[in-house]
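Undergrad: Structure incoming, see below.
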Amino acid sequence: MDDATAVARARAGDSDAFRLLVERHSRALFKLGYRMTGNEQDAEDVVQEAFLKAYRSLDRFEDRSQVGSWLYRIAANCAFDVLRKRQRRDSRNESLDVEDAPEPQAPEPGPERLALGADVRQRLESALERMSPRERAAFVLRHFEGRSVKEIEAALGIDTTSVKQSVCRAVRKAREVLAPLAGAVS
Amino acid sequence: MSHVNEDDLVLLHYREDAGADAQAHLEGCAECAERLQRLARTLALAEAPDVPEPGPDYGARVWARLQPQLGLPEPTAKVVPIRSRFWPRAVSVAALAAALVVAFLLGRRFPDAPQPLSAEVRERVLLVAVGEHLERSQMVLIELVNAPADERMNVKAQRAVADELVSANRLYRQTAVRSGEDSLVAVLEELERVLVEVAAGPDALAPQDVAELQRRIEARGLLFKVRVVGSQVRERERELAPRNVSSS
């Protein structure tokens, strides 16, 4: 059964058809959720919430759309929600507004350079943590997932200008910590 | 035109629209072309992080957790081998507890809907469910921590229970997040990591895996934290109990 048929049947109350969609797309959504949130549990929540939302909005699915893209957009939006909730929680704990946080400083390289791969991962992780939810979501979707600004706009529900600004700010943060390793400070 | 600004350079790198002027300038400016190359070299370092493998039956597990939340009939009961005296009620209690949380959340989300239970009663119901959940989770942790670390361990029973507890744990954690119960969220997050690991793992653990799991549980003081939070939940539950009795 193809995806479009499964959606049509699920809409008519066939739970096995929806089950098929869940089993077919869970892994892709988990991967997206993990990349966006950087956390396995949050990724699991993203998958769960995305399918719940998809089930409740089956009637709104437009037949000309791709089911995979539709689910992807819902999951990206759920992951964005997770990031925003995390920021609210963190800001309650730390009174730190990441959106207004100062630009990150590149970590000082240690006396001995770490293995490049580990160093890059560590620096990238620190840059991702310093990004606002919007910047992180936009960066992950643009840079890791190769989604266009238009697709990101649709997934996150924010306008083109905001997507572009978020990607640019996120790149600036990533670049500041990675440039020393690339030997390319411009 | 002056040189391409940093933001437009980023957009050009991703082949997004940066405006005709920026594109035209780039084509005739060696300096900006070099800046674009440097940017590309730097960003090439930022590779997507490795994603943990969720297991071949991941889709089926997602469905099993999703089904009750969709209001669909429960899946056919699976046969769970019961090894310990602790396990018999765990599965049904976890399912019931999850349903209670959903009821609790519905009550919070639609406060104007006819609601047979007062907020206080619902809170107590939730506390009872969370208390039971923490106790059962404690039992799983205790069995794992007390297992001999130098021999192979059959964790089939713990795995089945952990699998059920994960769903309930997730719901409690989400409820706690919504309620701003940060300390409970932190403990439930740590607990969930262990439960997920056990649930997604094999039926039998090699000695080194047992030792590693024990080390991680102990290093985080997880068992202690679950006990403390469990006792706080019980305490709160007791505080609410007399008022419920007198008001009913």
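Going through the structure tokens in order, the chains are called A, B, and so on, while each chain numbers its residues from 1 and the ligands are numbered from 1 in the order shown.
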List as a list in words the protein and nucleic acid residues near Gly157 (chain A), meaning an atom at most 8 Å away when only C-alpha atoms are counted, but skip any in the same chain fewer than 4 places from it.

TA: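 The filter keeps Asn77, Ile152 and Glu153 of chain A.
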
Undergrad: Write to file, as a PDB file, in the first residue's frame, the residues of the selection just made, with N, CA and C atoms.

TA:
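After the write, selection23.pdb holds the following:
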ATOM      1  N   ASN A  77       8.347  20.919  13.048  1.00  0.00           N
ATOM      2  CA  ASN A  77       7.647  21.884  13.889  1.00  0.00           C
ATOM      3  C   ASN A  77       7.591  21.413  15.340  1.00  0.00           C
ATOM      4  N   ILE A 152      11.929  25.465   4.955  1.00  0.00           N
ATOM      5  CA  ILE A 152      12.084  25.752   6.393  1.00  0.00           C
ATOM      6  C   ILE A 152      10.965  26.684   6.856  1.00  0.00           C
ATOM      7  N   GLU A 153      10.656  27.631   6.014  1.00  0.00           N
ATOM      8  CA  GLU A 153       9.572  28.576   6.305  1.00  0.00           C
ATOM      9  C   GLU A 153       8.268  27.806   6.546  1.00  0.00           C
TER      10      GLU A 153
END

Undergrad: Compile the contact shell of region 225-234 of chain B as JSON, numbers by chain: residues with an atom at most 12 Å away, counting only C-alpha atoms, same-chain residues fewer than 6 positions apart removed.

TA: {"B": [123, 124, 125, 126, 127, 128, 129, 130, 131, 132, 133, 134, 135, 136, 137, 138, 139, 140, 141, 142, 181, 182, 183, 184, 185, 186, 187, 188, 189, 190, 191, 192, 217, 218, 219, 240, 241]}

Undergrad: Considering only C-alpha atoms, tabulate each residue of chain B that lies at most 6 Å from chain A along with its nearest interatomic pair and the corresponding distance in Å to one decimal; arrange the rows by chain and ascending residue number and present them as JSON lines.

TA:
{"residue": "B:Asp7", "atom": "CA", "partner": "A:Cys168", "partner_atom": "CA", "distance": 5.5}
{"residue": "B:Arg38", "atom": "CA", "partner": "A:Ala184", "partner_atom": "CA", "distance": 5.7}
{"residue": "B:Thr42", "atom": "CA", "partner": "A:Ala182", "partner_atom": "CA", "distance": 5.3}
{"residue": "B:Ala48", "atom": "CA", "partner": "A:Phe144", "partner_atom": "CA", "distance": 5.4}
{"residue": "B:Gly59", "atom": "CA", "partner": "A:Glu23", "partner_atom": "CA", "distance": 3.9}
{"residue": "B:Ala60", "atom": "CA", "partner": "A:Glu23", "partner_atom": "CA", "distance": 5.9}

Undergrad: Could you name the residues that touch region 1-3 of chain A at 7 Å or less, counting only C-alpha atoms, but leaving out those on the same chain fewer than 3 positions away, as a list in words?

TA: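 With the cut-off at 7 Å, the set is Ala6, Val7, Leu21 and Val67 of chain A.
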